[in-house]
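Text of the file protein.pdb, holding PDB, C-alpha atoms:
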ATOM      1  CA  MET A  98       0.000   0.000   0.000
ATOM      2  CA  LYS A  99       1.751   3.107  -1.226
ATOM      3  CA  LEU A 100       0.645   6.445   0.186
ATOM      4  CA  ASN A 101       2.274   9.667  -0.978
ATOM      5  CA  HIS A 102       1.838  12.894   0.905
ATOM      6  CA  LYS A 103       2.427  16.552   0.355
ATOM      7  CA  ASP A 104       2.016  19.224   3.023
ATOM      8  CA  PHE A 105       0.465  22.574   2.244
ATOM      9  CA  ASP A 106      -0.173  25.455   4.620
ATOM     10  CA  GLY A 107      -2.041  23.667   7.437
ATOM     11  CA  SER A 108      -3.185  20.785   5.235
ATOM     12  CA  ARG A 109      -1.741  17.424   4.275
ATOM     13  CA  LEU A 110      -2.802  15.792   1.035
ATOM     14  CA  VAL A 111      -2.399  12.019   1.153
ATOM     15  CA  THR A 112      -2.612  10.295  -2.233
ATOM     16  CA  VAL A 113      -3.450   6.601  -2.279
ATOM     17  CA  CYS A 114      -1.296   5.174  -5.086
ATOM     18  CA  GLU A 115      -3.194   1.897  -5.411
ATOM     19  CA  ASN A 116      -6.297   1.053  -7.407
ATOM     20  CA  ARG A 117      -7.974  -0.962  -4.638
ATOM     21  CA  ILE A 118      -8.549  -0.781  -0.915
ATOM     22  CA  ASP A 119      -9.928  -4.261  -0.302
ATOM     23  CA  ALA A 120      -9.806  -7.158   2.143
ATOM     24  CA  LEU A 121      -6.217  -7.846   1.104
ATOM     25  CA  SER A 122      -4.909  -4.325   1.659
ATOM     26  CA  ALA A 123      -7.263  -2.807   4.254
ATOM     27  CA  ILE A 124      -5.113  -3.431   7.340
ATOM     28  CA  GLN A 125      -2.034  -2.017   5.661
ATOM     29  CA  PHE A 126      -3.989   1.043   4.528
ATOM     30  CA  LYS A 127      -5.256   1.570   8.070
ATOM     31  CA  ASP A 128      -1.757   1.345   9.567
ATOM     32  CA  GLU A 129      -0.102   3.589   6.966
ATOM     33  CA  MET A 130      -2.943   6.102   7.165
ATOM     34  CA  ARG A 131      -2.717   6.242  10.942
ATOM     35  CA  LYS A 132       0.938   7.341  10.639
ATOM     36  CA  MET A 133      -0.048  10.045   8.134
ATOM     37  CA  ILE A 134      -2.654  11.337  10.587
ATOM     38  CA  ASP A 135      -0.524  11.012  13.757
ATOM     39  CA  ASP A 136       2.215  13.345  12.572
ATOM     40  CA  GLY A 137      -0.013  15.375  10.254
ATOM     41  CA  PRO A 138      -1.309  18.947  10.532
ATOM     42  CA  ASN A 139      -4.860  19.854  11.583
ATOM     43  CA  ARG A 140      -6.340  18.960   8.255
ATOM     44  CA  VAL A 141      -5.711  15.766   6.324
ATOM     45  CA  VAL A 142      -7.296  15.147   2.909
ATOM     46  CA  ILE A 143      -7.162  11.682   1.329
ATOM     47  CA  ASP A 144      -7.041  11.797  -2.471
ATOM     48  CA  LEU A 145      -8.830   8.649  -3.678
ATOM     49  CA  SER A 146      -8.685   9.456  -7.393
ATOM     50  CA  GLN A 147      -6.605   6.346  -8.185
ATOM     51  CA  VAL A 148      -8.792   4.012  -6.117
ATOM     52  CA  GLU A 149     -11.239   2.303  -8.451
ATOM     53  CA  PHE A 150     -12.599  -0.207  -5.971
ATOM     54  CA  LEU A 151     -13.236  -0.373  -2.254
ATOM     55  CA  ASP A 152     -15.030  -3.184  -0.428
ATOM     56  CA  SER A 153     -16.493  -3.273   3.081
ATOM     57  CA  SER A 154     -13.065  -4.021   4.583
ATOM     58  CA  GLY A 155     -11.668  -0.985   2.783
ATOM     59  CA  LEU A 156     -14.576   1.114   3.995
ATOM     60  CA  GLY A 157     -13.926  -0.088   7.547
ATOM     61  CA  ALA A 158     -10.281   0.956   7.198
ATOM     62  CA  VAL A 159     -11.246   4.476   6.060
ATOM     63  CA  VAL A 160     -13.631   4.733   9.027
ATOM     64  CA  ALA A 161     -10.844   3.503  11.344
ATOM     65  CA  ALA A 162      -8.609   6.261   9.945
ATOM     66  CA  LEU A 163     -11.306   8.829  10.745
ATOM     67  CA  LYS A 164     -11.583   7.502  14.294
ATOM     68  CA  SER A 165      -7.806   7.738  14.788
ATOM     69  CA  LYS A 166      -7.720  11.498  14.187
ATOM     70  CA  LYS A 167      -7.107  13.855  17.076
ATOM     71  CA  SER A 168     -10.093  15.884  18.265
ATOM     72  CA  ASP A 169      -8.729  19.111  16.735
ATOM     73  CA  GLN A 170      -7.955  17.411  13.409
ATOM     74  CA  SER A 171     -10.182  16.916  10.391
ATOM     75  CA  LEU A 172      -9.988  14.017   7.970
ATOM     76  CA  GLU A 173     -11.604  14.631   4.591
ATOM     77  CA  LEU A 174     -11.893  12.673   1.343
ATOM     78  CA  ALA A 175     -11.490  13.786  -2.250
ATOM     79  CA  SER A 176     -12.187  12.374  -5.707
ATOM     80  CA  LEU A 177     -14.321   9.316  -5.043
ATOM     81  CA  GLN A 178     -14.504   7.154  -8.166
ATOM     82  CA  PRO A 179     -17.948   5.715  -9.100
ATOM     83  CA  ALA A 180     -17.619   2.282  -7.445
ATOM     84  CA  VAL A 181     -16.136   3.845  -4.305
ATOM     85  CA  GLU A 182     -18.816   6.516  -4.234
ATOM     86  CA  LYS A 183     -21.449   3.782  -4.526
ATOM     87  CA  VAL A 184     -20.185   1.986  -1.406
ATOM     88  CA  PHE A 185     -20.099   5.242   0.584
ATOM     89  CA  ARG A 186     -23.586   6.195  -0.626
ATOM     90  CA  LEU A 187     -25.242   2.808   0.003
ATOM     91  CA  THR A 188     -23.827   2.570   3.537
ATOM     92  CA  ARG A 189     -24.594   6.281   4.154
ATOM     93  CA  MET A 190     -20.956   6.831   5.095
ATOM     94  CA  ASP A 191     -21.128   9.762   2.659
ATOM     95  CA  THR A 192     -23.040  11.561   5.436
ATOM     96  CA  VAL A 193     -20.232  11.013   7.948
ATOM     97  CA  PHE A 194     -17.275  12.260   5.878
ATOM     98  CA  SER A 195     -16.669  15.575   4.267
ATOM     99  CA  ILE A 196     -16.127  14.721   0.612
ATOM    100  CA  HIS A 197     -14.589  16.977  -2.062
ATOM    101  CA  ASP A 198     -14.996  16.571  -5.818
ATOM    102  CA  ASN A 199     -11.248  16.599  -6.296
ATOM    103  CA  ALA A 200      -8.016  17.088  -4.398
ATOM    104  CA  SER A 201      -7.089  20.444  -5.903
ATOM    105  CA  SER A 202     -10.401  22.063  -4.938
ATOM    106  CA  ALA A 203     -10.028  20.627  -1.438
ATOM    107  CA  ILE A 204      -6.556  22.131  -1.060
ATOM    108  CA  GLU A 205      -7.331  25.421  -2.848
ATOM    109  CA  GLY A 206     -10.350  25.867  -0.600
ATOM    110  CA  ALA A 207      -8.096  25.623   2.427
ATOM    111  CA  ALA A 208      -5.536  28.020   0.947
ATOM    112  CA  ASP A 209      -8.246  30.614   0.234
ATOM    113  CA  ALA A 210      -9.503  30.319   3.773
ATOM    114  CA  SER A 211      -6.091  30.822   5.374
TER     115      SER A 211
ATOM    116  CA  MET B  96     -33.762 -21.831 -12.922
ATOM    117  CA  ARG B  97     -35.774 -21.111  -9.799
ATOM    118  CA  HIS B  98     -34.127 -20.870  -6.424
ATOM    119  CA  GLU B  99     -37.086 -22.443  -4.609
ATOM    120  CA  LYS B 100     -36.013 -25.796  -6.047
ATOM    121  CA  LEU B 101     -32.994 -25.605  -3.771
ATOM    122  CA  ALA B 102     -34.448 -27.861  -1.080
ATOM    123  CA  ASP B 103     -34.969 -30.931  -3.259
ATOM    124  CA  ALA B 104     -32.223 -30.574  -5.853
ATOM    125  CA  THR B 105     -28.520 -31.175  -5.578
ATOM    126  CA  PHE B 106     -26.069 -28.333  -6.065
ATOM    127  CA  GLU B 107     -24.785 -29.915  -9.248
ATOM    128  CA  SER B 108     -28.191 -30.081 -10.912
ATOM    129  CA  ILE B 109     -29.002 -26.481 -10.037
ATOM    130  CA  VAL B 110     -25.734 -25.215 -11.429
ATOM    131  CA  ARG B 111     -26.035 -27.326 -14.574
ATOM    132  CA  GLN B 112     -29.571 -26.299 -15.489
ATOM    133  CA  ARG B 113     -28.631 -22.623 -15.568
ATOM    134  CA  ALA B 114     -25.809 -22.743 -18.089
ATOM    135  CA  THR B 115     -26.169 -20.180 -20.911
ATOM    136  CA  ASP B 116     -23.981 -18.811 -23.704
ATOM    137  CA  HIS B 117     -22.661 -16.363 -21.128
ATOM    138  CA  SER B 118     -21.700 -18.770 -18.361
ATOM    139  CA  LEU B 119     -18.568 -18.696 -16.295
ATOM    140  CA  ARG B 120     -17.311 -21.085 -13.650
ATOM    141  CA  LEU B 121     -14.362 -20.196 -11.485
ATOM    142  CA  ILE B 122     -12.719 -22.217  -8.740
ATOM    143  CA  ILE B 123     -10.270 -20.362  -6.484
ATOM    144  CA  PRO B 124      -8.436 -21.087  -3.234
ATOM    145  CA  ALA B 125     -10.097 -19.430  -0.249
ATOM    146  CA  ASN B 126      -7.763 -16.520   0.378
ATOM    147  CA  GLU B 127      -7.990 -12.785  -0.142
ATOM    148  CA  ARG B 128      -5.331 -12.618  -2.832
ATOM    149  CA  ALA B 129      -7.111 -15.285  -4.867
ATOM    150  CA  VAL B 130     -10.400 -13.394  -4.468
ATOM    151  CA  ARG B 131      -8.779 -10.264  -5.878
ATOM    152  CA  ARG B 132      -7.405 -12.202  -8.833
ATOM    153  CA  GLY B 133     -10.689 -14.063  -9.254
ATOM    154  CA  LEU B 134     -12.662 -10.816  -9.517
ATOM    155  CA  SER B 135     -10.314  -9.633 -12.219
ATOM    156  CA  GLY B 136     -10.776 -12.951 -14.046
ATOM    157  CA  ILE B 137     -14.558 -12.674 -13.749
ATOM    158  CA  LYS B 138     -14.453  -9.179 -15.215
ATOM    159  CA  ALA B 139     -12.479 -10.464 -18.180
ATOM    160  CA  GLY B 140     -14.769 -13.489 -18.501
ATOM    161  CA  LEU B 141     -17.911 -11.349 -18.581
ATOM    162  CA  SER B 142     -16.514  -8.762 -20.976
ATOM    163  CA  SER B 143     -18.515 -10.238 -23.888
ATOM    164  CA  ILE B 144     -21.737  -9.182 -22.138
ATOM    165  CA  ASN B 145     -20.634  -5.544 -22.550
ATOM    166  CA  LEU B 146     -21.850  -4.401 -19.144
ATOM    167  CA  VAL B 147     -22.349  -0.778 -18.203
ATOM    168  CA  ASP B 148     -19.722   0.330 -15.641
ATOM    169  CA  ASP B 149     -22.294   0.796 -12.906
ATOM    170  CA  ASP B 150     -23.425  -2.820 -13.226
ATOM    171  CA  TRP B 151     -19.871  -4.092 -13.236
ATOM    172  CA  SER B 152     -19.210  -2.266  -9.960
ATOM    173  CA  THR B 153     -22.355  -3.864  -8.484
ATOM    174  CA  ILE B 154     -21.146  -7.328  -9.516
ATOM    175  CA  GLU B 155     -17.671  -6.665  -8.155
ATOM    176  CA  ILE B 156     -18.909  -5.272  -4.830
ATOM    177  CA  VAL B 157     -21.339  -8.163  -4.253
ATOM    178  CA  LEU B 158     -18.936 -10.930  -5.274
ATOM    179  CA  ALA B 159     -16.091  -9.370  -3.262
ATOM    180  CA  GLU B 160     -18.310  -9.360  -0.173
ATOM    181  CA  VAL B 161     -19.654 -12.900  -0.652
ATOM    182  CA  LEU B 162     -16.233 -14.388  -1.462
ATOM    183  CA  ASN B 163     -14.343 -12.558   1.277
ATOM    184  CA  ASN B 164     -17.008 -13.608   3.758
ATOM    185  CA  ILE B 165     -16.301 -17.243   2.855
ATOM    186  CA  VAL B 166     -12.535 -16.655   3.201
ATOM    187  CA  GLU B 167     -12.912 -14.969   6.590
ATOM    188  CA  HIS B 168     -15.751 -16.934   8.188
ATOM    189  CA  ALA B 169     -16.401 -20.276   6.495
ATOM    190  CA  TYR B 170     -12.739 -21.277   6.544
ATOM    191  CA  SER B 171     -10.374 -20.770   9.489
ATOM    192  CA  ASP B 172      -7.060 -18.965   9.276
ATOM    193  CA  GLY B 173      -4.601 -20.969   7.284
ATOM    194  CA  GLU B 174      -7.164 -23.623   6.377
ATOM    195  CA  VAL B 175      -6.920 -24.717   2.761
ATOM    196  CA  GLY B 176     -10.258 -24.570   0.997
ATOM    197  CA  LEU B 177     -11.788 -23.894  -2.364
ATOM    198  CA  ILE B 178     -14.598 -21.637  -3.505
ATOM    199  CA  GLU B 179     -16.541 -22.333  -6.660
ATOM    200  CA  THR B 180     -18.379 -19.494  -8.359
ATOM    201  CA  GLN B 181     -20.825 -20.039 -11.188
ATOM    202  CA  LEU B 182     -22.217 -17.063 -13.120
ATOM    203  CA  ASP B 183     -24.873 -17.288 -15.839
ATOM    204  CA  PHE B 184     -26.263 -14.334 -17.764
ATOM    205  CA  ASP B 185     -29.658 -14.973 -19.378
ATOM    206  CA  GLY B 186     -30.017 -11.605 -21.117
ATOM    207  CA  LYS B 187     -31.584  -9.879 -18.124
ATOM    208  CA  TYR B 188     -30.209 -11.326 -14.916
ATOM    209  CA  LEU B 189     -26.797 -12.493 -13.873
ATOM    210  CA  TRP B 190     -27.495 -15.622 -11.793
ATOM    211  CA  CYS B 191     -24.750 -16.207  -9.266
ATOM    212  CA  THR B 192     -23.909 -19.252  -7.162
ATOM    213  CA  THR B 193     -21.020 -19.716  -4.760
ATOM    214  CA  ILE B 194     -20.192 -23.074  -3.198
ATOM    215  CA  ASP B 195     -17.670 -23.794  -0.444
ATOM    216  CA  SER B 196     -16.901 -26.656   1.933
ATOM    217  CA  GLY B 197     -16.317 -24.502   5.008
ATOM    218  CA  ARG B 198     -18.304 -24.108   8.183
ATOM    219  CA  PRO B 199     -22.061 -23.432   7.912
ATOM    220  CA  MET B 200     -23.475 -19.932   8.370
ATOM    221  CA  PRO B 201     -24.210 -19.101  12.023
ATOM    222  CA  ASN B 202     -27.673 -20.567  12.904
ATOM    223  CA  GLY B 203     -27.844 -21.965   9.376
ATOM    224  CA  LYS B 204     -29.081 -18.626   8.053
ATOM    225  CA  LEU B 205     -27.758 -15.684   6.064
ATOM    226  CA  PRO B 206     -26.752 -12.761   8.271
ATOM    227  CA  GLU B 207     -29.408 -10.033   8.099
ATOM    228  CA  GLY B 208     -27.119  -7.145   7.313
ATOM    229  CA  ALA B 209     -29.092  -4.289   8.826
ATOM    230  CA  GLN B 210     -28.216  -0.659   8.097
ATOM    231  CA  LYS B 211     -25.761   0.514  10.742
ATOM    232  CA  ASP B 212     -26.751   3.421  12.969
ATOM    233  CA  LEU B 213     -24.372   6.250  12.129
ATOM    234  CA  ASN B 214     -25.962   8.803  14.461
ATOM    235  CA  CYS B 215     -23.360   8.245  17.124
ATOM    236  CA  ASN B 216     -20.137   9.673  18.464
ATOM    237  CA  LEU B 217     -17.112   9.375  16.214
ATOM    238  CA  GLU B 218     -15.494   6.737  18.434
ATOM    239  CA  ASP B 219     -18.607   4.542  18.173
ATOM    240  CA  LEU B 220     -18.783   4.479  14.373
ATOM    241  CA  PRO B 221     -18.905   0.894  13.075
ATOM    242  CA  GLU B 222     -15.803  -0.331  11.220
ATOM    243  CA  GLY B 223     -17.367  -3.575  10.020
ATOM    244  CA  GLY B 224     -20.633  -5.301   9.306
ATOM    245  CA  PHE B 225     -21.251  -3.471   6.029
ATOM    246  CA  GLY B 226     -20.686  -6.521   3.853
ATOM    247  CA  TRP B 227     -24.017  -8.311   4.269
ATOM    248  CA  TYR B 228     -25.854  -5.000   4.199
ATOM    249  CA  LEU B 229     -24.362  -4.319   0.745
ATOM    250  CA  ILE B 230     -25.133  -7.865  -0.443
ATOM    251  CA  HIS B 231     -28.795  -7.649   0.629
ATOM    252  CA  LYS B 232     -29.127  -4.164  -0.825
ATOM    253  CA  LEU B 233     -27.681  -5.007  -4.254
ATOM    254  CA  THR B 234     -29.038  -8.518  -4.914
ATOM    255  CA  GLU B 235     -32.417 -10.113  -5.581
ATOM    256  CA  ASP B 236     -33.604 -13.582  -4.622
ATOM    257  CA  LEU B 237     -30.760 -14.163  -2.166
ATOM    258  CA  HIS B 238     -30.714 -17.665  -0.660
ATOM    259  CA  TYR B 239     -28.477 -19.894   1.382
ATOM    260  CA  GLY B 240     -28.485 -23.662   1.563
ATOM    261  CA  ARG B 241     -26.284 -26.418   2.940
ATOM    262  CA  ASP B 242     -26.002 -29.890   1.485
ATOM    263  CA  GLN B 243     -23.493 -32.676   2.085
ATOM    264  CA  GLY B 244     -21.117 -30.460   4.044
ATOM    265  CA  ARG B 245     -21.142 -27.656   1.522
ATOM    266  CA  ASN B 246     -22.538 -24.131   1.628
ATOM    267  CA  MET B 247     -24.310 -22.657  -1.350
ATOM    268  CA  VAL B 248     -25.287 -19.001  -1.710
ATOM    269  CA  THR B 249     -27.417 -18.045  -4.704
ATOM    270  CA  PHE B 250     -28.670 -14.674  -5.867
ATOM    271  CA  ARG B 251     -29.315 -12.746  -9.033
ATOM    272  CA  LEU B 252     -28.327  -9.291 -10.197
ATOM    273  CA  ASN B 253     -30.480  -7.250 -12.545
ATOM    274  CA  ILE B 254     -27.994  -5.905 -15.066
ATOM    275  CA  GLN B 255     -28.045  -4.097 -18.373
ATOM    276  CA  ARG B 256     -25.932  -4.425 -21.452
ATOM    277  CA  ARG B 257     -24.355  -1.367 -22.970
ATOM    278  CA  GLN B 258     -26.523  -0.072 -25.838
TER     279      GLN B 258
END

Could you write out this file's structure as structure tokens?
Amino acid sequence: MKLNHKDFDGSRLVTVCENRIDALSAIQFKDEMRKMIDDGPNRVVIDLSQVEFLDSSGLGAVVAALKSKKSDQSLELASLQPAVEKVFRLTRMDTVFSIHDNASSAIEGAADAS
Amino acid sequence: MRHEKLADATFESIVRQRATDHSLRLIIPANERAVRRGLSGIKAGLSSINLVDDDWSTIEIVLAEVLNNIVEHAYSDGEVGLIETQLDFDGKYLWCTTIDSGRPMPNGKLPEGAQKDLNCNLEDLPEGGFGWYLIHKLTEDLHYGRDQGRNMVTFRLNIQRRQ
């Protein structure tokens, strides 16, 4: 599970460089993501543009990442692909996360606000 | 073709009577890596149906959940087992059957898969239990049976071919 990250003013953009977060890779995603959040700034955005498929284990790992954030941190998602969006929508997890259309608008939005 | 025949028919006869021009049978070892590869093989195998993307994602989500459930619950860690998947497209429905020789479903029934309550504190959000909810939500005519030490799950998916 390869995660790249880039820090902007007060925000960290984490890019998932895999096309699946599934039962095989969910635990690794959860562990790697937890590190990204632990030493990250107040706002962490996960860019899911390369992730074409996520199953319930993958969804559980994204929820676990959300639960591992500090109380003054936010964890947001960007660029959900259709199959991923479907899983979030059907389980109503789309109501729990803040979801951006794409990573650049998520980061630009933060830059404008600061 | 009908699932209600399950009780008095063997698994073999049910699977055989469904075969169509668009039929696919796949046997994989019960582990998560094989499931991932199997899904990719199923996608290639069904490519002649020319599915719309949205229907392919439905098939992939449902089969991933059913197959991974067998890997995680029917077979124990490290136990060697096989999963057989039979898919038959009749022009309207994709009829799906999975067979494994693992442990029976708890209480001999399919898990209900209720919608999880998300109106809770962050720390109480559920991290699992979405699989059967997705399966129930996306399938029709979902059934479970056990015969001669084997589990069989059958369901159908209403899918469309690309115009």

Under the PyMOL selection byres ((chain A and resi 110) around 12), which residues of this model are included? Write them out as a ChimeraX atom specification.
/A:100-109,111-113,130,133-134,137-145,171-175,199-205,207

Filtering to C-alpha atoms, could you give me those residues as a short mmCIF file (atom, residue, chain, number, x, y, z; two decimals), in the coordinates of the input?
data_model
loop_
_atom_site.label_atom_id
_atom_site.label_comp_id
_atom_site.auth_asym_id
_atom_site.auth_seq_id
_atom_site.Cartn_x
_atom_site.Cartn_y
_atom_site.Cartn_z
CA LEU A 100 0.64 6.44 0.19
CA ASN A 101 2.27 9.67 -0.98
CA HIS A 102 1.84 12.89 0.90
CA LYS A 103 2.43 16.55 0.36
CA ASP A 104 2.02 19.22 3.02
CA PHE A 105 0.46 22.57 2.24
CA ASP A 106 -0.17 25.46 4.62
CA GLY A 107 -2.04 23.67 7.44
CA SER A 108 -3.18 20.78 5.24
CA ARG A 109 -1.74 17.42 4.28
CA VAL A 111 -2.40 12.02 1.15
CA THR A 112 -2.61 10.30 -2.23
CA VAL A 113 -3.45 6.60 -2.28
CA MET A 130 -2.94 6.10 7.16
CA MET A 133 -0.05 10.04 8.13
CA ILE A 134 -2.65 11.34 10.59
CA GLY A 137 -0.01 15.38 10.25
CA PRO A 138 -1.31 18.95 10.53
CA ASN A 139 -4.86 19.85 11.58
CA ARG A 140 -6.34 18.96 8.26
CA VAL A 141 -5.71 15.77 6.32
CA VAL A 142 -7.30 15.15 2.91
CA ILE A 143 -7.16 11.68 1.33
CA ASP A 144 -7.04 11.80 -2.47
CA LEU A 145 -8.83 8.65 -3.68
CA SER A 171 -10.18 16.92 10.39
CA LEU A 172 -9.99 14.02 7.97
CA GLU A 173 -11.60 14.63 4.59
CA LEU A 174 -11.89 12.67 1.34
CA ALA A 175 -11.49 13.79 -2.25
CA ASN A 199 -11.25 16.60 -6.30
CA ALA A 200 -8.02 17.09 -4.40
CA SER A 201 -7.09 20.44 -5.90
CA SER A 202 -10.40 22.06 -4.94
CA ALA A 203 -10.03 20.63 -1.44
CA ILE A 204 -6.56 22.13 -1.06
CA GLU A 205 -7.33 25.42 -2.85
CA ALA A 207 -8.10 25.62 2.43
#

Which residues of chain A come within 10 Å of chain B, and what is each one's closest atom pair and distance in Å (one decimal), counting all atoms listed in the file, sorted by chain and residue number, as JSON lines?
{"residue": "A:Arg117", "atom": "CA", "partner": "B:Arg131", "partner_atom": "CA", "distance": 9.4}
{"residue": "A:Asp119", "atom": "CA", "partner": "B:Arg131", "partner_atom": "CA", "distance": 8.3}
{"residue": "A:Ala120", "atom": "CA", "partner": "B:Glu127", "partner_atom": "CA", "distance": 6.3}
{"residue": "A:Leu121", "atom": "CA", "partner": "B:Glu127", "partner_atom": "CA", "distance": 5.4}
{"residue": "A:Ser122", "atom": "CA", "partner": "B:Glu127", "partner_atom": "CA", "distance": 9.2}
{"residue": "A:Glu149", "atom": "CA", "partner": "B:Ser152", "partner_atom": "CA", "distance": 9.3}
{"residue": "A:Phe150", "atom": "CA", "partner": "B:Ser152", "partner_atom": "CA", "distance": 8.0}
{"residue": "A:Leu151", "atom": "CA", "partner": "B:Ile156", "partner_atom": "CA", "distance": 7.9}
{"residue": "A:Asp152", "atom": "CA", "partner": "B:Ile156", "partner_atom": "CA", "distance": 6.2}
{"residue": "A:Ser153", "atom": "CA", "partner": "B:Gly226", "partner_atom": "CA", "distance": 5.4}
{"residue": "A:Ser154", "atom": "CA", "partner": "B:Gly223", "partner_atom": "CA", "distance": 6.9}
{"residue": "A:Gly155", "atom": "CA", "partner": "B:Glu222", "partner_atom": "CA", "distance": 9.4}
{"residue": "A:Leu156", "atom": "CA", "partner": "B:Glu222", "partner_atom": "CA", "distance": 7.5}
{"residue": "A:Gly157", "atom": "CA", "partner": "B:Glu222", "partner_atom": "CA", "distance": 4.1}
{"residue": "A:Ala158", "atom": "CA", "partner": "B:Glu222", "partner_atom": "CA", "distance": 7.0}
{"residue": "A:Val159", "atom": "CA", "partner": "B:Glu222", "partner_atom": "CA", "distance": 8.4}
{"residue": "A:Val160", "atom": "CA", "partner": "B:Glu222", "partner_atom": "CA", "distance": 5.9}
{"residue": "A:Ala161", "atom": "CA", "partner": "B:Glu222", "partner_atom": "CA", "distance": 6.3}
{"residue": "A:Ala162", "atom": "CA", "partner": "B:Glu222", "partner_atom": "CA", "distance": 9.8}
{"residue": "A:Leu163", "atom": "CA", "partner": "B:Leu217", "partner_atom": "CA", "distance": 8.0}
{"residue": "A:Lys164", "atom": "CA", "partner": "B:Glu218", "partner_atom": "CA", "distance": 5.7}
{"residue": "A:Ser165", "atom": "CA", "partner": "B:Glu218", "partner_atom": "CA", "distance": 8.6}
{"residue": "A:Lys166", "atom": "CA", "partner": "B:Leu217", "partner_atom": "CA", "distance": 9.8}
{"residue": "A:Ser168", "atom": "CA", "partner": "B:Leu217", "partner_atom": "CA", "distance": 9.8}
{"residue": "A:Pro179", "atom": "CA", "partner": "B:Asp149", "partner_atom": "CA", "distance": 7.6}
{"residue": "A:Ala180", "atom": "CA", "partner": "B:Ser152", "partner_atom": "CA", "distance": 5.4}
{"residue": "A:Val181", "atom": "CA", "partner": "B:Ser152", "partner_atom": "CA", "distance": 8.9}
{"residue": "A:Lys183", "atom": "CA", "partner": "B:Ser152", "partner_atom": "CA", "distance": 8.4}
{"residue": "A:Val184", "atom": "CA", "partner": "B:Leu229", "partner_atom": "CA", "distance": 7.9}
{"residue": "A:Leu187", "atom": "CA", "partner": "B:Leu229", "partner_atom": "CA", "distance": 7.2}
{"residue": "A:Thr188", "atom": "CA", "partner": "B:Phe225", "partner_atom": "CA", "distance": 7.0}
{"residue": "A:Arg189", "atom": "CA", "partner": "B:Leu213", "partner_atom": "CA", "distance": 8.0}
{"residue": "A:Met190", "atom": "CA", "partner": "B:Leu213", "partner_atom": "CA", "distance": 7.8}
{"residue": "A:Thr192", "atom": "CA", "partner": "B:Leu213", "partner_atom": "CA", "distance": 8.6}
{"residue": "A:Val193", "atom": "CA", "partner": "B:Leu213", "partner_atom": "CA", "distance": 7.6}

Starting from the PyMOL selection byres ((chain B and resi 188-198) around 6), expand the selection into actual residues of this file and give them as a PyMOL selection string.
chain B and resi 169-170+178-185+187+199+245-254

Show me, as an MDAnalysis selection string, the residues that have an atom within 8 Å of Asp135 of chain A when counting all atoms listed in the file, minus same-chain residues fewer than 3 positions from it.
chainID A and resid 131:132 166:167
